[in-house]
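Colleague: Input work_2.csv, format and content: CSV, C-alpha atoms.
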```
chain,number,residue,atom,x,y,z
Q,1,MET,CA,28.2,-172.0,-9.9
Q,2,ARG,CA,30.7,-174.9,-9.4
Q,3,ALA,CA,30.9,-175.3,-13.2
Q,4,LEU,CA,31.8,-171.6,-13.6
Q,5,PHE,CA,34.4,-171.8,-10.9
Q,6,PHE,CA,35.9,-174.9,-12.5
Q,7,LEU,CA,36.0,-173.2,-15.9
Q,8,PHE,CA,37.6,-170.1,-14.4
Q,9,THR,CA,40.3,-172.2,-12.8
Q,10,LEU,CA,40.9,-174.2,-16.0
Q,11,LEU,CA,41.3,-171.0,-18.1
Q,12,ASN,CA,43.6,-169.5,-15.4
Q,13,PHE,CA,45.9,-172.5,-15.8
Q,14,ILE,CA,45.8,-172.5,-19.6
Q,15,PHE,CA,47.0,-169.0,-19.8
Q,16,ALA,CA,49.5,-169.3,-16.9
Q,17,THR,CA,53.2,-168.9,-17.2
Q,18,GLN,CA,54.8,-172.2,-18.0
Q,19,ILE,CA,58.4,-172.8,-17.1
Q,20,SER,CA,60.0,-175.8,-18.7
Q,21,THR,CA,63.7,-175.2,-17.9
Q,22,PRO,CA,65.2,-175.3,-14.4
Q,23,TYR,CA,68.0,-172.9,-13.7
Q,24,LYS,CA,70.0,-175.5,-12.0
Q,25,GLU,CA,70.1,-179.3,-11.6
Q,26,ILE,CA,72.0,-181.3,-9.0
Q,27,GLU,CA,72.3,-185.1,-8.4
Q,28,ALA,CA,72.2,-187.0,-5.1
Q,29,SER,CA,74.2,-190.2,-4.8
Q,30,ALA,CA,71.1,-192.3,-4.7
Q,31,ASN,CA,67.3,-192.0,-5.4
Q,32,VAL,CA,65.7,-189.2,-3.4
Q,33,LEU,CA,63.0,-190.0,-0.8
Q,34,SER,CA,62.5,-186.5,0.5
Q,35,THR,CA,64.0,-183.0,0.5
Q,36,THR,CA,63.6,-180.6,3.3
Q,37,LEU,CA,64.8,-177.0,3.8
Q,38,ILE,CA,66.1,-176.4,7.3
Q,39,SER,CA,68.1,-173.3,8.3
Q,40,ASP,CA,68.6,-172.4,4.6
Q,41,LYS,CA,70.1,-175.8,3.9
Q,42,LEU,CA,68.6,-178.7,1.9
Q,43,PHE,CA,68.5,-182.0,3.7
Q,44,ILE,CA,68.2,-184.7,1.1
Q,45,ALA,CA,67.1,-188.2,2.3
Q,46,THR,CA,67.9,-191.1,0.0
Q,47,ASP,CA,67.3,-194.8,-0.4
Q,48,GLY,CA,71.1,-195.3,-0.5
Q,49,GLY,CA,71.5,-194.7,3.3
Q,50,THR,CA,72.7,-191.1,3.0
Q,51,VAL,CA,71.6,-187.7,4.3
Q,52,GLU,CA,73.0,-185.2,1.9
Q,53,ILE,CA,73.2,-181.5,3.0
Q,54,TYR,CA,73.3,-179.0,0.2
Q,55,ASP,CA,73.8,-175.3,0.5
Q,56,PRO,CA,71.8,-173.5,-2.2
Q,57,LYS,CA,73.5,-170.1,-1.6
Q,58,GLN,CA,76.9,-171.6,-2.1
Q,59,SER,CA,75.8,-174.1,-4.7
Q,60,LYS,CA,77.6,-177.0,-3.1
Q,61,PHE,CA,77.1,-180.1,-1.0
Q,62,GLU,CA,78.2,-179.2,2.5
Q,63,GLU,CA,78.3,-182.7,3.9
Q,64,ILE,CA,77.1,-186.3,3.1
Q,65,ILE,CA,76.2,-188.4,6.1
Q,66,LYS,CA,76.5,-192.1,5.3
Q,67,MET,CA,74.7,-194.6,7.4
Q,68,ASP,CA,76.1,-198.1,8.0
Q,69,ASP,CA,74.8,-201.1,5.9
Q,70,ILE,CA,72.0,-203.1,7.4
Q,71,LYS,CA,71.1,-206.8,7.4
Q,72,THR,CA,68.0,-208.1,5.7
Q,73,TYR,CA,66.6,-211.6,5.3
Q,74,VAL,CA,68.4,-211.9,1.9
Q,75,SER,CA,71.6,-209.9,2.4
Q,76,ASP,CA,74.1,-208.8,5.1
Q,77,HIS,CA,74.9,-205.6,3.2
Q,78,GLU,CA,72.0,-203.5,2.2
Q,79,ARG,CA,71.8,-199.7,2.1
Q,80,PRO,CA,69.1,-198.4,4.5
Q,81,LYS,CA,66.3,-196.0,3.4
Q,82,ILE,CA,66.3,-192.7,5.2
Q,83,LEU,CA,62.7,-192.2,6.3
Q,84,SER,CA,62.8,-188.7,7.8
Q,85,VAL,CA,65.3,-186.0,8.7
Q,86,ASP,CA,65.1,-182.9,11.0
Q,87,GLU,CA,67.7,-180.5,12.3
Q,88,LEU,CA,67.7,-178.1,15.3
Q,89,GLY,CA,70.5,-176.2,16.9
Q,90,GLY,CA,73.2,-178.1,15.0
Q,91,LYS,CA,71.7,-181.5,16.0
Q,92,ILE,CA,70.4,-183.8,13.3
Q,93,LEU,CA,67.6,-186.3,13.8
Q,94,ILE,CA,67.6,-189.2,11.4
Q,95,LEU,CA,64.9,-192.0,11.2
Q,96,SER,CA,66.4,-194.9,9.2
Q,97,GLU,CA,65.7,-198.5,8.4
Q,98,GLY,CA,67.6,-200.9,10.7
Q,99,ASP,CA,68.4,-204.6,10.5
Q,100,TYR,CA,65.7,-207.0,9.6
Q,101,ALA,CA,62.9,-204.4,8.8
Q,102,THR,CA,63.3,-202.5,12.1
Q,103,LYS,CA,63.5,-198.7,12.5
Q,104,VAL,CA,66.3,-196.8,14.2
Q,105,LEU,CA,66.4,-193.2,15.4
Q,106,TYR,CA,69.7,-191.5,15.3
Q,107,LEU,CA,70.9,-188.3,16.9
Q,108,ARG,CA,73.9,-186.7,15.4
Q,109,GLU,CA,75.6,-184.1,17.6
Q,110,ASN,CA,79.1,-182.7,17.3
Q,111,GLY,CA,80.0,-185.2,14.6
Q,112,GLN,CA,79.0,-188.1,16.8
Q,113,MET,CA,76.1,-190.5,16.0
Q,114,LYS,CA,74.0,-191.9,18.8
Q,115,SER,CA,71.3,-194.5,18.2
Q,116,ILE,CA,68.1,-194.6,20.2
Q,117,ASN,CA,66.0,-197.8,20.4
Q,118,LEU,CA,62.5,-197.6,19.3
Q,119,THR,CA,60.0,-200.1,20.8
Q,120,ASN,CA,57.4,-199.2,18.2
Q,121,GLN,CA,58.7,-200.4,14.8
Q,122,ALA,CA,55.9,-198.6,13.0
Q,123,ILE,CA,57.4,-195.1,13.4
Q,124,LYS,CA,57.1,-193.2,10.2
Q,125,LYS,CA,58.4,-189.7,11.0
Q,126,ALA,CA,60.5,-187.9,13.7
Q,127,LEU,CA,60.6,-184.2,14.4
Q,128,PHE,CA,62.3,-182.1,17.0
Q,129,LEU,CA,60.1,-180.3,19.5
Q,130,ASP,CA,63.2,-178.7,21.0
Q,131,GLU,CA,66.8,-179.8,21.4
Q,132,GLU,CA,65.9,-182.4,24.0
Q,133,HIS,CA,62.5,-183.6,23.0
Q,134,VAL,CA,61.1,-185.3,19.8
Q,135,ALA,CA,57.7,-186.1,18.4
Q,136,LEU,CA,57.4,-189.5,16.8
Q,137,ALA,CA,54.5,-190.5,14.5
Q,138,SER,CA,53.5,-194.1,13.9
Q,139,ILE,CA,51.7,-195.6,10.9
Q,140,SER,CA,48.9,-196.6,13.4
Q,141,ASN,CA,48.3,-192.8,14.0
Q,142,GLU,CA,49.9,-192.7,17.5
Q,143,ILE,CA,52.0,-189.7,18.5
Q,144,TYR,CA,54.8,-190.3,21.0
Q,145,PHE,CA,56.9,-187.7,22.8
Q,146,LEU,CA,60.5,-188.8,23.5
Q,147,ASN,CA,63.1,-187.4,25.8
Q,148,LEU,CA,66.4,-187.6,24.0
Q,149,LYS,CA,68.6,-187.7,27.1
Q,150,SER,CA,66.8,-190.6,28.8
Q,151,GLY,CA,65.5,-192.3,25.6
Q,152,GLU,CA,62.2,-192.7,27.3
Q,153,ILE,CA,58.7,-192.0,26.0
Q,154,TYR,CA,57.1,-189.5,28.4
Q,155,GLU,CA,53.7,-189.0,26.7
Q,156,HIS,CA,51.7,-190.5,23.9
Q,157,PHE,CA,48.2,-190.3,22.4
Q,158,LYS,CA,46.2,-191.8,19.5
Q,159,ILE,CA,44.6,-189.6,16.9
Q,160,SER,CA,42.1,-192.0,15.3
Q,161,ILE,CA,41.7,-195.5,13.9
Q,162,ALA,CA,42.8,-194.2,10.5
Q,163,MET,CA,46.4,-194.7,9.5
Q,164,LEU,CA,48.8,-191.8,9.6
Q,165,SER,CA,49.9,-190.3,6.3
Q,166,ASP,CA,52.3,-187.4,7.1
Q,167,MET,CA,53.2,-185.0,9.9
Q,168,ASP,CA,54.7,-181.4,9.9
Q,169,ILE,CA,55.4,-178.9,12.6
Q,170,ASN,CA,55.2,-175.1,12.6
Q,171,GLU,CA,58.1,-172.6,12.9
Q,172,ASP,CA,58.1,-172.2,16.7
Q,173,ARG,CA,57.5,-176.0,17.1
Q,174,SER,CA,54.3,-175.5,19.1
Q,175,THR,CA,51.8,-177.1,16.8
Q,176,LEU,CA,51.8,-180.4,14.9
Q,177,ALA,CA,49.9,-180.8,11.7
Q,178,ILE,CA,48.9,-184.5,11.4
Q,179,ALA,CA,47.5,-185.9,8.1
Q,180,CYS,CA,45.6,-189.1,8.1
Q,181,GLU,CA,44.3,-191.8,5.7
Q,182,SER,CA,40.7,-190.6,6.6
Q,183,GLY,CA,41.4,-187.3,4.8
Q,184,LYS,CA,41.4,-185.3,8.0
Q,185,VAL,CA,44.2,-183.0,9.2
Q,186,TYR,CA,44.6,-182.5,12.9
Q,187,LEU,CA,46.3,-179.5,14.4
Q,188,TYR,CA,47.7,-180.4,17.9
Q,189,ASN,CA,48.8,-177.8,20.4
Q,190,ILE,CA,51.9,-179.4,22.0
Q,191,LYS,CA,52.1,-177.1,25.1
Q,192,ALA,CA,48.4,-177.1,25.8
Q,193,LYS,CA,48.3,-180.9,25.2
Q,194,LYS,CA,45.0,-180.7,23.2
Q,195,MET,CA,43.7,-180.7,19.7
Q,196,LYS,CA,43.5,-177.2,18.4
Q,197,GLN,CA,41.5,-177.9,15.3
Q,198,THR,CA,40.4,-180.7,13.0
Q,199,LEU,CA,40.2,-180.0,9.3
Q,200,ASP,CA,38.0,-182.2,7.2
Q,201,ILE,CA,39.8,-181.7,3.9
Q,202,HIS,CA,39.8,-184.9,1.8
Q,203,THR,CA,37.6,-187.9,1.2
Q,204,ASP,CA,40.4,-190.3,1.1
Q,205,ASN,CA,44.1,-190.8,2.0
Q,206,ILE,CA,46.4,-187.8,2.2
Q,207,TYR,CA,49.9,-188.2,0.6
Q,208,ASP,CA,51.7,-185.0,1.7
Q,209,ILE,CA,51.2,-182.0,3.9
Q,210,ALA,CA,53.0,-178.7,4.5
Q,211,TYR,CA,52.5,-176.2,7.3
Q,212,LYS,CA,53.9,-172.6,7.2
Q,213,ASN,CA,52.9,-169.4,8.9
Q,214,GLY,CA,49.6,-170.8,10.0
Q,215,VAL,CA,48.7,-172.0,6.4
Q,216,VAL,CA,48.2,-175.7,5.7
Q,217,ILE,CA,48.2,-177.4,2.3
Q,218,SER,CA,47.6,-181.1,1.7
Q,219,GLY,CA,47.2,-183.3,-1.3
Q,220,GLY,CA,45.6,-186.7,-1.6
Q,221,THR,CA,44.0,-189.6,-3.4
Q,222,ASP,CA,40.9,-187.7,-4.1
Q,223,ARG,CA,42.8,-185.5,-6.6
Q,224,VAL,CA,42.3,-182.4,-4.4
Q,225,ALA,CA,44.8,-179.9,-3.1
Q,226,GLY,CA,43.3,-178.4,0.1
Q,227,ILE,CA,44.5,-175.0,1.4
Q,228,PHE,CA,43.6,-173.8,4.9
Q,229,SER,CA,44.4,-170.1,5.4
Q,230,ASN,CA,43.0,-167.4,7.7
Q,231,GLY,CA,40.3,-169.7,8.9
Q,232,SER,CA,39.1,-170.5,5.4
Q,233,LEU,CA,39.3,-173.8,3.6
Q,234,LYS,CA,39.7,-173.8,-0.2
Q,235,LYS,CA,40.0,-176.9,-2.5
Q,236,ILE,CA,41.5,-177.2,-5.9
Q,237,ASN,CA,40.5,-180.0,-8.2
Q,238,ALA,CA,43.8,-181.1,-9.6
Q,239,GLY,CA,42.5,-183.8,-11.9
Q,240,PHE,CA,45.2,-186.2,-10.7
Q,241,LEU,CA,46.5,-187.8,-7.5
Q,242,VAL,CA,48.3,-185.0,-5.6
Q,243,TYR,CA,51.5,-186.7,-4.4
Q,244,GLY,CA,53.5,-183.6,-3.5
Q,245,VAL,CA,52.7,-180.1,-2.0
Q,246,GLY,CA,54.7,-177.2,-0.7
Q,247,LEU,CA,54.4,-173.7,0.8
Q,248,SER,CA,56.6,-170.6,0.7
Q,249,SER,CA,57.9,-169.6,4.2
Q,250,ASP,CA,55.2,-167.0,4.7
Q,251,GLY,CA,52.5,-169.3,3.4
Q,252,LYS,CA,51.4,-166.9,0.7
Q,253,ILE,CA,52.4,-169.2,-2.2
Q,254,ALA,CA,51.1,-172.8,-2.4
Q,255,ALA,CA,52.4,-175.5,-4.8
Q,256,TYR,CA,51.1,-178.9,-5.7
Q,257,MET,CA,51.7,-181.7,-8.2
Q,258,SER,CA,48.9,-181.3,-10.7
Q,259,ASP,CA,49.0,-184.1,-13.2
Q,260,GLU,CA,50.5,-187.4,-14.4
Q,261,MET,CA,53.3,-185.5,-16.1
Q,262,SER,CA,54.5,-184.3,-12.6
Q,263,ASP,CA,53.8,-180.6,-13.5
Q,264,VAL,CA,53.7,-178.4,-10.4
Q,265,ASN,CA,51.2,-175.5,-10.1
Q,266,LEU,CA,52.0,-172.5,-8.0
Q,267,VAL,CA,49.0,-170.4,-6.8
Q,268,ASP,CA,48.3,-167.6,-4.4
Q,269,SER,CA,47.1,-169.4,-1.3
Q,270,ALA,CA,44.5,-166.7,-0.5
Q,271,SER,CA,43.0,-166.0,-3.9
Q,272,LEU,CA,44.0,-169.2,-5.7
Q,273,GLU,CA,45.2,-167.0,-8.6
Q,274,ASN,CA,47.7,-169.0,-10.6
Q,275,ILE,CA,51.3,-167.8,-10.6
Q,276,ALA,CA,53.2,-170.4,-12.7
Q,277,MET,CA,53.3,-174.0,-13.8
Q,278,LEU,CA,56.6,-175.9,-13.6
Q,279,LYS,CA,57.0,-178.5,-16.4
Q,280,THR,CA,59.3,-180.8,-14.4
Q,281,GLY,CA,59.4,-183.9,-16.6
Q,282,GLN,CA,60.3,-185.8,-13.4
Q,283,SER,CA,58.8,-189.0,-12.1
Q,284,THR,CA,56.2,-188.8,-9.3
Q,285,ILE,CA,57.1,-185.7,-7.2
Q,286,ASN,CA,57.8,-186.5,-3.6
Q,287,SER,CA,59.0,-183.0,-2.4
Q,288,ILE,CA,58.3,-179.4,-3.3
Q,289,VAL,CA,60.5,-177.0,-1.3
Q,290,PHE,CA,60.6,-173.2,-1.5
Q,291,ILE,CA,64.2,-171.9,-0.9
Q,292,SER,CA,62.9,-168.3,-1.4
Q,293,ASP,CA,59.7,-166.6,-2.5
Q,294,ASN,CA,60.6,-167.1,-6.1
Q,295,GLU,CA,62.8,-170.2,-6.1
Q,296,VAL,CA,61.4,-173.7,-5.8
Q,297,VAL,CA,63.1,-177.1,-5.6
Q,298,THR,CA,61.4,-180.3,-6.9
Q,299,SER,CA,62.5,-183.9,-6.3
Q,300,ALA,CA,61.2,-187.3,-7.1
Q,301,TYR,CA,62.3,-190.9,-6.7
Q,302,GLU,CA,65.4,-190.4,-8.8
Q,303,LYS,CA,68.8,-188.8,-8.4
Q,304,LYS,CA,68.2,-185.5,-10.0
Q,305,ILE,CA,66.9,-182.5,-8.1
Q,306,LEU,CA,65.7,-179.4,-10.0
Q,307,PHE,CA,65.8,-175.7,-9.1
Q,308,TRP,CA,63.3,-173.3,-10.6
Q,309,ARG,CA,62.8,-169.5,-10.7
Q,310,VAL,CA,59.2,-168.7,-10.8
Q,311,ARG,CA,59.1,-164.9,-11.3
```
Would you put the structure from the file into structure tokens?
Modeller:
Amino acid sequence: MRALFFLFTLLNFIFATQISTPYKEIEASANVLSTTLISDKLFIATDGGTVEIYDPKQSKFEEIIKMDDIKTYVSDHERPKILSVDELGGKILILSEGDYATKVLYLRENGQMKSINLTNQAIKKALFLDEEHVALASISNEIYFLNLKSGEIYEHFKISIAMLSDMDINEDRSTLAIACESGKVYLYNIKAKKMKQTLDIHTDNIYDIAYKNGVVISGGTDRVAGIFSNGSLKKINAGFLVYGVGLSSDGKIAAYMSDEMSDVNLVDSASLENIAMLKTGQSTINSIVFISDNEVVTSAYEKKILFWRVR
């Protein structure tokens, strides 16, 4: 039965629509570390110390936020890597490298940048819970809740002894999806302060996770793209390390990097029926973002960002 399912899946992809040419290409000022769609704008984090805000509808860069140089043990003028970006209510949250391998959290509001000291230098991601509170995730798999006004941690907990891989939050910012090196994904209810569900998806480290409209997709070292939808877990054997995944806003279309050529497969998240394959030609994909149900943006550790129409 498993052999038949694999053969059906393989044939589905062989005869799928292949798209080789993006309809648009833009360039960031430095190599891209991540791309996120927030409030219909693309927030592009780079290794050149910039957060570049691009408006896909207007086809233009709206703003480029440039962080100050940092000091390292070999230079007094290095560009910091932007580790994560989030936006809510006009406020922008930026987790960046700081001097001498530290991490700094910045809050940008009304054009003013405020830095917030982090006692834990292993913080990997920062997300708004609301306009005054933030969730911080550390590599050691501890989740901290920070009050932006006071700068104080008011609650924290540890998920497991496995290292943290990635973290996402749902649309109403009530549930965190936390991916771990163990291959598990934890859904944590913020208001109830308890674990809602634990998904045993992978056998090894997870690289990327997306969480939209109750649907979760994750990709990992075990060459599997896992999709959890309507209480059901489905797995796709990609045949290669799945470094990047993405979901449409309604969670109905799932996307994942499928091979060493950085091709991206799009499937129906419920039936797994193939929709299209994007022949990106990029280096290892680090972000797959849907800007509409039929438009996808792919980025890798390079300057170019590609825009695709899928149907």
Colleague: Which residues are near Ile139 (chain Q)? Cut-off 6 Å, all atoms listed in the file, ignore same chain within fewer than 6 positions. Put them as a ChimeraX atom specification.
Modeller: /Q:122,124,163-164
Colleague: So that I can see what lies close to Ser59 (chain Q), please list as a CSV table (one decimal) with C-alpha atoms, keeping the file's coordinate frame the residues with an atom at most 12 Å from it, counting only C-alpha atoms and leaving out residues fewer than 5 positions away in the same chain.
Modeller:
```csv
chain,number,residue,atom,x,y,z
Q,23,TYR,CA,68.0,-172.9,-13.7
Q,24,LYS,CA,70.0,-175.5,-12.0
Q,25,GLU,CA,70.1,-179.3,-11.6
Q,26,ILE,CA,72.0,-181.3,-9.0
Q,40,ASP,CA,68.6,-172.4,4.6
Q,41,LYS,CA,70.1,-175.8,3.9
Q,42,LEU,CA,68.6,-178.7,1.9
Q,53,ILE,CA,73.2,-181.5,3.0
Q,54,TYR,CA,73.3,-179.0,0.2
Q,307,PHE,CA,65.8,-175.7,-9.1
```
Colleague: Expressed in Å to a single decimal, how great is the separation between CA of Gly214 (chain Q) and CA of Val185 (chain Q)?
Modeller: 13.4 Å
Colleague: Residues at most 12 Å from Asp204 (chain Q), counting only C-alpha atoms, excluding those fewer than 6 positions away in the same chain, as a PyMOL selection string?
Modeller: chain Q and resi 162-163+165+179-185+218-224+241-242
Colleague: Can you tell me which residues surround Asp47 (chain Q) at a distance of at most 9 Å, considering all atoms listed in the file, apart from same-chain residues fewer than 4 positions away, and format the answer as a PyMOL selection string?
Modeller: chain Q and resi 30-33+79-83+301
Colleague: Excluding region 153-156 of chain Q and residues on its chain fewer than 3 positions from it, collect all residues at most 9 Å away from it, counting only C-alpha atoms, and give them as a PDB file with C-alpha atoms, in the frame of the given file.
Modeller:
```pdb
ATOM      1  CA  GLU Q 142      49.900-192.700  17.500  1.00  0.00           C
ATOM      2  CA  ILE Q 143      52.000-189.700  18.500  1.00  0.00           C
ATOM      3  CA  TYR Q 144      54.800-190.300  21.000  1.00  0.00           C
ATOM      4  CA  PHE Q 145      56.900-187.700  22.800  1.00  0.00           C
ATOM      5  CA  LEU Q 146      60.500-188.800  23.500  1.00  0.00           C
ATOM      6  CA  ASN Q 147      63.100-187.400  25.800  1.00  0.00           C
ATOM      7  CA  SER Q 150      66.800-190.600  28.800  1.00  0.00           C
TER       8      SER Q 150
END
```
Colleague: To one decimal place in Å, what is the distance between CA of Val264 (chain Q) and CA of Glu171 (chain Q)?
Modeller: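 Taking CA of Val264 (chain Q) as the start and CA of Glu171 (chain Q) as the end point, the length is 24.4 Å.
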Colleague: Using all atoms listed in the file, can you tell me which of Q:Met195, Q:Ile209, Q:Leu95, Q:Leu88 comes closest to Thr46 (chain Q)?
Modeller: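 Of Q:Met195, Q:Ile209, Q:Leu95, Q:Leu88, the one nearest Thr46 (chain Q), counting all atoms listed in the file, is Q:Leu95.
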Colleague: Determine the nearest neighbour of Ser292 (chain Q) from the options Q:Phe61, Q:Pro56, Q:Val245, Q:Ile190, counting all atoms listed in the file.
Modeller: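 Once distances to Ser292 (chain Q) are computed over all atoms listed in the file, the minimum belongs to Q:Pro56.
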Colleague: Counting only C-alpha atoms, figure out which residue out of Q:Ala45, Q:Ala238, Q:Leu176, Q:Leu199 gets nearest to Tyr211 (chain Q).
Modeller: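 Of all the options, Q:Leu176 lies closest to Tyr211 (chain Q).
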Colleague: Would you list the residues near (64.9, -177.2, 23.3) (no more than 12 Å away, in the coordinates of the file, using only C-alpha atoms) as a JSON list (two decimals) with C-alpha atoms, in the frame of the given file?
Modeller:
```
[["chain", "number", "residue", "atom", "x", "y", "z"],
["Q", 87, "GLU", "CA", 67.70, -180.50, 12.30],
["Q", 88, "LEU", "CA", 67.70, -178.10, 15.30],
["Q", 89, "GLY", "CA", 70.50, -176.20, 16.90],
["Q", 90, "GLY", "CA", 73.20, -178.10, 15.00],
["Q", 91, "LYS", "CA", 71.70, -181.50, 16.00],
["Q", 128, "PHE", "CA", 62.30, -182.10, 17.00],
["Q", 129, "LEU", "CA", 60.10, -180.30, 19.50],
["Q", 130, "ASP", "CA", 63.20, -178.70, 21.00],
["Q", 131, "GLU", "CA", 66.80, -179.80, 21.40],
["Q", 132, "GLU", "CA", 65.90, -182.40, 24.00],
["Q", 133, "HIS", "CA", 62.50, -183.60, 23.00],
["Q", 134, "VAL", "CA", 61.10, -185.30, 19.80],
["Q", 147, "ASN", "CA", 63.10, -187.40, 25.80],
["Q", 148, "LEU", "CA", 66.40, -187.60, 24.00],
["Q", 149, "LYS", "CA", 68.60, -187.70, 27.10],
["Q", 172, "ASP", "CA", 58.10, -172.20, 16.70],
["Q", 173, "ARG", "CA", 57.50, -176.00, 17.10],
["Q", 174, "SER", "CA", 54.30, -175.50, 19.10]]
```
Colleague: Between Q:Leu93, Q:Val51, Q:Leu187, Q:Leu233, which residue has the minimum interatomic distance to Ser269 (chain Q), considering only C-alpha atoms?
Modeller: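 That would be Q:Leu233, the residue with the smallest distance to Ser269 (chain Q).
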Colleague: Supply region 195-211 of chain Q as a compact mmCIF listing (two decimals), in the coordinates of the input, with N, CA and C atoms built in where the input has gaps.
Modeller:
```
# COMPACT_ATOMS: atom_id res chain seq x y z
N MET Q 195 43.89 -180.93 21.14
CA MET Q 195 43.70 -180.70 19.70
C MET Q 195 43.16 -179.31 19.49
N LYS Q 196 43.88 -178.58 18.70
CA LYS Q 196 43.50 -177.20 18.40
C LYS Q 196 42.41 -177.09 17.39
N GLN Q 197 42.49 -177.95 16.36
CA GLN Q 197 41.50 -177.90 15.30
C GLN Q 197 41.57 -179.18 14.46
N THR Q 198 40.41 -179.57 13.91
CA THR Q 198 40.40 -180.70 13.00
C THR Q 198 39.81 -180.20 11.66
N LEU Q 199 40.56 -180.43 10.59
CA LEU Q 199 40.20 -180.00 9.30
C LEU Q 199 39.74 -181.16 8.43
N ASP Q 200 38.50 -181.12 7.98
CA ASP Q 200 38.00 -182.20 7.20
C ASP Q 200 38.17 -181.81 5.70
N ILE Q 201 39.33 -182.18 5.16
CA ILE Q 201 39.80 -181.70 3.90
C ILE Q 201 39.48 -182.65 2.73
N HIS Q 202 39.87 -183.90 2.90
CA HIS Q 202 39.80 -184.90 1.80
C HIS Q 202 38.81 -185.98 2.11
N THR Q 203 38.47 -186.72 1.06
CA THR Q 203 37.60 -187.90 1.20
C THR Q 203 38.31 -189.18 1.29
N ASP Q 204 39.64 -189.12 1.16
CA ASP Q 204 40.40 -190.30 1.10
C ASP Q 204 41.85 -190.01 1.64
N ASN Q 205 42.76 -190.91 1.43
CA ASN Q 205 44.10 -190.80 2.00
C ASN Q 205 44.84 -189.53 1.54
N ILE Q 206 45.59 -188.96 2.46
CA ILE Q 206 46.40 -187.80 2.20
C ILE Q 206 47.87 -188.29 1.94
N TYR Q 207 48.50 -187.77 0.90
CA TYR Q 207 49.90 -188.20 0.60
C TYR Q 207 50.91 -187.24 1.24
N ASP Q 208 50.64 -185.94 1.24
CA ASP Q 208 51.70 -185.00 1.70
C ASP Q 208 51.01 -183.78 2.30
N ILE Q 209 51.74 -183.16 3.24
CA ILE Q 209 51.20 -182.00 3.90
C ILE Q 209 52.37 -181.00 4.17
N ALA Q 210 52.06 -179.71 4.14
CA ALA Q 210 53.00 -178.70 4.50
C ALA Q 210 52.30 -177.66 5.39
N TYR Q 211 53.06 -177.06 6.33
CA TYR Q 211 52.50 -176.20 7.30
C TYR Q 211 53.43 -175.02 7.57
```
